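**Student:** I'm passing along upload00.tsv; it holds TSV, C-alpha atoms.
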chain	number	residue	atom	x	y	z
E	394	MET	CA	0.00	0.00	0.00
E	395	ARG	CA	1.46	3.36	-0.97
E	396	LEU	CA	0.18	6.91	-0.51
E	397	SER	CA	1.80	10.03	-1.87
E	398	VAL	CA	0.45	13.53	-1.21
E	399	GLN	CA	2.61	15.73	-3.37
E	400	GLU	CA	2.89	19.02	-5.19
E	401	ALA	CA	4.90	17.63	-8.11
E	402	ALA	CA	3.34	16.24	-11.26
E	403	PHE	CA	3.38	12.47	-11.79
E	404	ASP	CA	3.52	10.15	-14.78
E	405	ALA	CA	0.41	7.96	-14.55
E	406	GLY	CA	1.83	5.38	-16.97
E	407	ALA	CA	5.10	5.03	-15.08
E	408	GLU	CA	3.23	4.82	-11.78
E	409	ALA	CA	0.92	2.11	-13.14
E	410	ASN	CA	3.89	0.09	-14.41
E	411	ALA	CA	5.76	0.37	-11.11
E	412	PHE	CA	2.60	-0.62	-9.20
E	413	THR	CA	2.04	-3.65	-11.44
E	414	ALA	CA	5.68	-4.75	-11.32
E	415	GLY	CA	5.42	-5.39	-7.58
E	416	LEU	CA	2.48	-7.80	-7.87
E	417	SER	CA	2.72	-11.57	-7.84
E	418	ARG	CA	-0.83	-12.94	-7.36
E	419	ALA	CA	-3.14	-10.26	-8.74
E	420	GLY	CA	-5.08	-11.13	-11.88
E	421	ALA	CA	-6.67	-7.67	-12.06
E	422	VAL	CA	-5.31	-4.14	-11.87
E	423	VAL	CA	-7.59	-1.09	-12.10
E	424	THR	CA	-6.14	2.39	-12.45
E	425	PHE	CA	-7.94	5.72	-12.45
E	426	THR	CA	-6.43	9.14	-13.15
E	427	GLY	CA	-8.31	12.34	-12.34
E	428	ARG	CA	-7.44	15.45	-14.37
E	429	VAL	CA	-8.15	19.17	-14.02
E	430	ARG	CA	-11.36	19.93	-15.96
E	431	ASP	CA	-11.63	23.21	-17.80
E	432	ASN	CA	-15.37	23.84	-18.18
E	433	GLY	CA	-15.75	26.57	-20.74
E	434	GLY	CA	-12.07	26.95	-21.54
E	435	THR	CA	-11.47	29.88	-19.18
E	436	LEU	CA	-9.60	28.19	-16.36
E	437	ALA	CA	-6.30	29.93	-15.61
E	438	ALA	CA	-5.33	27.56	-12.81
E	439	MET	CA	-6.69	25.30	-10.12
E	440	GLU	CA	-5.34	25.70	-6.61
E	441	ILE	CA	-5.68	22.73	-4.28
E	442	GLU	CA	-5.35	23.35	-0.56
E	443	HIS	CA	-5.07	20.52	1.94
E	444	TYR	CA	-4.67	19.81	5.64
E	445	PRO	CA	-1.19	18.33	6.09
E	446	GLY	CA	-1.28	15.51	8.60
E	447	MET	CA	-5.02	14.88	8.45
E	448	THR	CA	-4.80	14.28	4.70
E	449	GLU	CA	-2.38	11.41	5.16
E	450	ARG	CA	-4.27	9.97	8.15
E	451	ALA	CA	-7.65	10.11	6.44
E	452	ILE	CA	-6.48	8.58	3.17
E	453	THR	CA	-4.45	5.87	4.91
E	454	ALA	CA	-7.56	4.86	6.88
E	455	ILE	CA	-9.70	4.78	3.72
E	456	MET	CA	-7.06	2.68	1.91
E	457	ALA	CA	-6.77	0.22	4.80
E	458	GLU	CA	-10.54	-0.22	4.76
E	459	ALA	CA	-10.53	-0.89	1.00
E	460	VAL	CA	-7.67	-3.39	1.25
E	461	ALA	CA	-9.44	-5.30	4.03
E	462	ARG	CA	-12.92	-5.18	2.50
E	463	TRP	CA	-11.96	-6.33	-1.02
E	464	ASN	CA	-8.96	-8.42	-0.04
E	465	LEU	CA	-6.69	-6.35	-2.26
E	466	GLU	CA	-3.19	-7.46	-3.17
E	467	ASP	CA	-2.10	-3.82	-3.19
E	468	ALA	CA	-3.39	-0.25	-3.49
E	469	LEU	CA	-1.91	3.10	-4.53
E	470	VAL	CA	-3.17	6.66	-4.06
E	471	ILE	CA	-1.40	9.75	-5.36
E	472	HIS	CA	-3.04	13.16	-4.74
E	473	ARG	CA	-1.54	16.51	-5.65
E	474	HIS	CA	-1.91	19.91	-4.04
E	475	GLY	CA	-0.75	23.39	-4.99
E	476	ARG	CA	-1.28	25.19	-8.29
E	477	LEU	CA	-2.31	23.06	-11.28
E	478	ALA	CA	-3.20	23.85	-14.89
E	479	ALA	CA	-6.07	22.56	-17.04
E	480	ASN	CA	-5.63	18.91	-18.04
E	481	ASP	CA	-2.92	18.32	-15.44
E	482	PRO	CA	-3.30	15.05	-13.57
E	483	ILE	CA	-4.64	15.74	-10.05
E	484	MET	CA	-4.78	12.29	-8.58
E	485	MET	CA	-4.47	8.61	-9.26
E	486	VAL	CA	-5.85	5.45	-7.71
E	487	ALA	CA	-4.66	1.93	-8.46
E	488	THR	CA	-6.01	-1.29	-7.00
E	489	ALA	CA	-4.90	-4.86	-7.50
E	490	ALA	CA	-6.92	-7.96	-6.68
E	491	VAL	CA	-7.08	-11.61	-7.67
E	492	HIS	CA	-10.23	-10.93	-9.73
E	493	ARG	CA	-11.51	-7.79	-11.45
E	494	ALA	CA	-14.79	-7.27	-9.53
E	495	GLU	CA	-12.88	-6.54	-6.33
E	496	ALA	CA	-10.37	-4.27	-8.06
E	497	PHE	CA	-13.12	-2.19	-9.75
E	498	ALA	CA	-15.25	-1.91	-6.61
E	499	ALA	CA	-12.31	-0.92	-4.42
E	500	ALA	CA	-11.20	1.75	-6.92
E	501	GLU	CA	-14.70	3.27	-6.98
E	502	PHE	CA	-14.91	3.15	-3.21
E	503	LEU	CA	-11.56	4.93	-2.91
E	504	MET	CA	-12.62	7.60	-5.42
E	505	ASP	CA	-15.95	8.21	-3.68
E	506	TYR	CA	-14.27	8.59	-0.30
E	507	LEU	CA	-11.42	10.77	-1.56
E	508	LYS	CA	-14.00	13.17	-3.02
E	509	SER	CA	-15.83	13.80	0.24
E	510	ARG	CA	-13.68	12.60	3.14
E	511	ALA	CA	-10.09	13.58	2.30
E	512	PRO	CA	-9.35	17.17	3.39
E	513	PHE	CA	-8.68	18.85	0.04
E	514	TRP	CA	-10.33	22.04	-1.24
E	515	LYS	CA	-10.23	23.16	-4.86
E	516	LYS	CA	-10.26	26.75	-6.03
E	517	GLU	CA	-10.78	27.66	-9.69
E	518	ILE	CA	-8.81	30.70	-10.84
E	519	ARG	CA	-10.31	32.47	-13.87
E	520	PRO	CA	-9.46	35.75	-15.60
E	521	ASP	CA	-12.53	37.37	-13.98
E	522	GLY	CA	-12.04	36.02	-10.48
E	523	ALA	CA	-11.63	32.96	-8.32
E	524	ASP	CA	-14.18	30.57	-6.80
E	525	TRP	CA	-13.95	27.73	-4.32
E	526	VAL	CA	-15.45	24.60	-5.84
E	527	ALA	CA	-18.63	23.68	-3.95
E	528	ALA	CA	-19.13	20.14	-2.72
E	529	ARG	CA	-21.88	18.37	-4.64
E	530	ASP	CA	-24.78	16.54	-3.03
E	531	THR	CA	-24.26	13.72	-5.53
E	532	ASP	CA	-20.75	13.16	-4.14
E	533	GLU	CA	-22.14	12.81	-0.63
E	534	GLN	CA	-24.90	10.49	-1.88
E	535	ALA	CA	-22.30	8.34	-3.62
E	536	LEU	CA	-20.94	7.31	-0.22
E	537	ARG	CA	-24.24	5.75	0.79
E	538	ARG	CA	-23.88	2.83	-1.61
E	539	TRP	CA	-20.89	1.58	0.39
X	867	MET	CA	-6.82	24.95	28.09
X	868	GLN	CA	-4.88	26.07	25.06
X	869	LEU	CA	-6.10	24.99	21.62
X	870	THR	CA	-4.62	25.39	18.17
X	871	VAL	CA	-7.46	26.36	15.83
X	872	LEU	CA	-6.96	25.89	12.08
X	873	TYR	CA	-9.00	27.31	9.18
X	874	PHE	CA	-9.05	26.15	5.57
X	875	ALA	CA	-10.33	27.30	2.17
X	876	TRP	CA	-12.91	30.16	2.18
X	877	LEU	CA	-13.15	30.00	5.95
X	878	ARG	CA	-9.43	30.86	6.18
X	879	GLU	CA	-9.95	33.72	3.74
X	880	ARG	CA	-12.91	35.18	5.64
X	881	ILE	CA	-11.17	35.03	8.99
X	882	GLY	CA	-7.89	36.23	7.51
X	883	LEU	CA	-5.78	33.68	9.38
X	884	PRO	CA	-4.68	30.09	8.69
X	885	ARG	CA	-4.40	29.34	12.42
X	886	GLU	CA	-4.59	30.88	15.86
X	887	THR	CA	-3.96	29.81	19.43
X	888	VAL	CA	-7.00	30.09	21.66
X	889	GLU	CA	-7.18	30.01	25.45
X	890	THR	CA	-10.61	28.66	26.33
X	891	ASN	CA	-12.75	26.72	28.78
X	892	ALA	CA	-15.27	25.73	26.12
X	893	ALA	CA	-16.76	22.30	26.81
X	894	THR	CA	-17.83	21.51	23.26
X	895	VAL	CA	-17.08	22.59	19.69
X	896	ALA	CA	-20.31	24.61	19.67
X	897	ASP	CA	-19.18	26.48	22.82
X	898	LEU	CA	-15.84	27.25	21.16
X	899	VAL	CA	-17.61	28.52	18.03
X	900	ALA	CA	-19.73	30.85	20.17
X	901	GLU	CA	-16.55	32.28	21.71
X	902	LEU	CA	-14.91	32.72	18.28
X	903	ILE	CA	-18.02	34.46	16.87
X	904	ALA	CA	-17.83	36.95	19.75
X	905	ARG	CA	-14.27	37.91	18.79
X	906	ASP	CA	-14.92	40.05	15.70
X	907	GLU	CA	-16.95	40.46	12.53
X	908	GLY	CA	-14.65	38.26	10.46
X	909	HIS	CA	-15.21	35.29	12.75
X	910	ALA	CA	-18.95	36.03	12.99
X	911	LEU	CA	-19.26	36.09	9.20
X	912	ALA	CA	-17.20	32.93	8.77
X	913	PHE	CA	-19.30	30.96	11.26
X	914	ALA	CA	-22.67	32.38	10.18
X	915	ASP	CA	-23.87	29.07	8.68
X	916	LEU	CA	-22.62	26.05	10.62
X	917	ALA	CA	-24.48	23.66	8.30
X	918	SER	CA	-21.95	24.59	5.59
X	919	LEU	CA	-18.96	23.80	7.81
X	920	ARG	CA	-17.16	20.70	9.01
X	921	VAL	CA	-14.95	20.24	12.06
X	922	ALA	CA	-12.04	17.92	12.87
X	923	LEU	CA	-10.67	17.31	16.37
X	924	ASP	CA	-7.03	16.23	16.40
X	925	GLN	CA	-7.38	15.45	12.67
X	926	GLN	CA	-10.50	13.25	13.00
X	927	LEU	CA	-13.88	14.39	11.67
X	928	ALA	CA	-16.23	15.25	14.52
X	929	GLY	CA	-19.53	17.01	15.20
X	930	PHE	CA	-20.31	20.44	16.62
X	931	ASP	CA	-21.68	18.78	19.77
X	932	SER	CA	-18.40	16.88	20.37
X	933	PRO	CA	-16.62	17.53	23.69
X	934	LEU	CA	-13.20	19.19	23.65
X	935	THR	CA	-11.81	17.17	26.54
X	936	GLY	CA	-8.17	16.30	25.82
X	937	VAL	CA	-8.27	17.91	22.37
X	938	ARG	CA	-5.28	19.98	21.21
X	939	GLU	CA	-6.06	20.83	17.58
X	940	VAL	CA	-9.42	21.95	16.19
X	941	ALA	CA	-9.85	22.51	12.46
X	942	PHE	CA	-12.81	24.18	10.72
X	943	PHE	CA	-13.39	23.92	6.99
X	944	PRO	CA	-16.04	23.74	4.25
X	945	PRO	CA	-17.13	20.35	2.85
X	946	MET	CA	-14.15	18.68	1.22
X	947	THR	CA	-13.67	18.64	-2.54
X	948	GLY	CA	-10.91	16.13	-3.20
X	949	GLY	CA	-10.49	13.64	-6.03
Would it be possible to restate this file's structure as structure tokens?

**Tutor:**
Amino acid sequence: MRLSVQEAAFDAGAEANAFTAGLSRAGAVVTFTGRVRDNGGTLAAMEIEHYPGMTERAITAIMAEAVARWNLEDALVIHRHGRLAANDPIMMVATAAVHRAEAFAAAEFLMDYLKSRAPFWKKEIRPDGADWVAARDTDEQALRRW
Amino acid sequence: MQLTVLYFAWLRERIGLPRETVETNAATVADLVAELIARDEGHALAFADLASLRVALDQQLAGFDSPLTGVREVAFFPPMTGG
């Protein structure tokens, strides 16, 4: 299990290869990469603030729950903070399991929890001002299926 | 007791501080909020709508009715928008 909360960019392909190289029994690997969306083409930057310390604790707890619940062979979470540009990768989740159903479910679980339970806050910077991204009710509802 | 109080995102901007040290006898988070609101207009504005805020005690999510016994770090922030 590996977690990295970092400012630097990452190479999703290289991360996926390194994650897969360490596996010996997994028949299924699921990877997800989240990127900065530019609705309307006016995004100058996205600033991501986080709560150092709590971020690592919260994500580690979520990952441990996923590993135990779906009997994962391994899991990886990378989440960036700081100033990002449109189309930059923000975060990545990888899960490995013996069979694919567990790997897919665990990846979705991790994504749903990272959205609403990991202490990150996004701010969109545009030429005409800046706005904190509001949490969506649908993100909170997504947790209820777990 | 002495508490470190942290603010994030728009809450930090409204209060104008990322953190402050508070000397208090507040029994619960709600009691602490009432004391902070009494400080100045910035705090009052920031805490105007508690339903839009979340709180963590020593880096664990908690509720506004949670006791502060033994707590050292209190963080207030809007709903999280990770992922």

**Student:** Give me the residues within 10 Å of E:Ala494 as a list in words, counting all atoms listed in the file and dropping any in the same chain fewer than 6 places off.

**Tutor:**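 The residues satisfying every condition are Ala421, Val423 and Trp463 of chain E.
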
**Student:** Determine which residues of chain X sit within 9 Å of chain E, taking into account only C-alpha atoms, and present them as a ChimeraX atom specification.

**Tutor:** /X:874-876,922,924-927,941,943-949

**Student:** Between atom CA of E:Ala499 and atom CA of E:Leu465, measure the distance and give it in Å to one decimal.

**Tutor:**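 If I compute the distance from atom CA of E:Ala499 to atom CA of E:Leu465, I get 8.1 Å.
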
**Student:** Between atom CA of E:Gly475 and atom CA of X:Leu877, what distance in Å does the model show, to one decimal?

**Tutor:**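 Result for atom CA of E:Gly475 versus atom CA of X:Leu877: 17.8 Å, one decimal.
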
**Student:** Kindly provide, as JSON, the centre and edge lengths (Å, one decimal) of an axis-aligned box around all atoms of stretch 428-434 of chain E given in the file, with 5 Å on each side.

**Tutor:**
{"center_x": -11.6, "center_y": 21.2, "center_z": -17.8, "size_x": 18.3, "size_y": 21.5, "size_z": 17.5}

**Student:** Taking 6 positions as the minimum chain separation for residues in the same chain, which residues sit within 12 Å of E:Glu408 when counting all atoms listed in the file? Answer as a list in words.

**Tutor:** Arg395, Leu396, Ser397, Ala402, Ala414, Gly415, Thr424, Phe425, Thr426, Ala468, Leu469, Val470, Ile471, Met484, Met485, Val486 and Ala487 of chain E

**Student:** Record the distance separating atom CA of E:Asp530 and atom CA of E:Asp481, expressed in Å with one decimal.

**Tutor:** 25.2 Å

**Student:** Choose the residue, out of X:Leu916, X:Ala893, X:Leu902, X:Leu911, that has the smallest atom-to-atom separation from X:Ser932; count all atoms listed in the file.

**Tutor:**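 Among the listed residues, the smallest separation from X:Ser932 belongs to X:Ala893.
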
**Student:** Go through X:Asp897, X:His909, X:Thr935, X:Phe930 and flag the residue nearest X:Tyr873, using only C-alpha atoms for the distances.

**Tutor:**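 Closest candidate: X:His909.
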
**Student:** Counting only C-alpha atoms, which residue out of X:Leu883, X:Val899, X:Val888, X:Ala928 sits closest to X:Phe913?

**Tutor:** X:Val899

**Student:** Would you mind listing what lies within 7 Å of X:Glu889 as a list in words, with all atoms listed in the file counted and same-chain residues fewer than 4 positions away left out?

**Tutor:**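 What passes the distance filter is Met867, Gln868 and Leu869 of chain X.
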
**Student:** Find the residue from E:Asp521, E:Glu458, E:Glu440, E:Glu495 that sits nearest to E:Leu477; use all atoms listed in the file when measuring.

**Tutor:**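 With all atoms listed in the file as the atom set, the closest residue is E:Glu440.
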
**Student:** Using only C-alpha atoms, which residue out of E:Val398, E:Gly522, E:Pro482, E:Glu517 lies closest to E:Ile452?

**Tutor:**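 Looking only at the distances to E:Ile452, the closest residue turns out to be E:Val398.
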
**Student:** With all atoms listed in the file as the atoms that count, which of X:Ile881, X:Ala914, X:Val871, X:Val895 lies nearest to X:Asp931?

**Tutor:**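 For X:Asp931, the nearest of the candidates is X:Val895.
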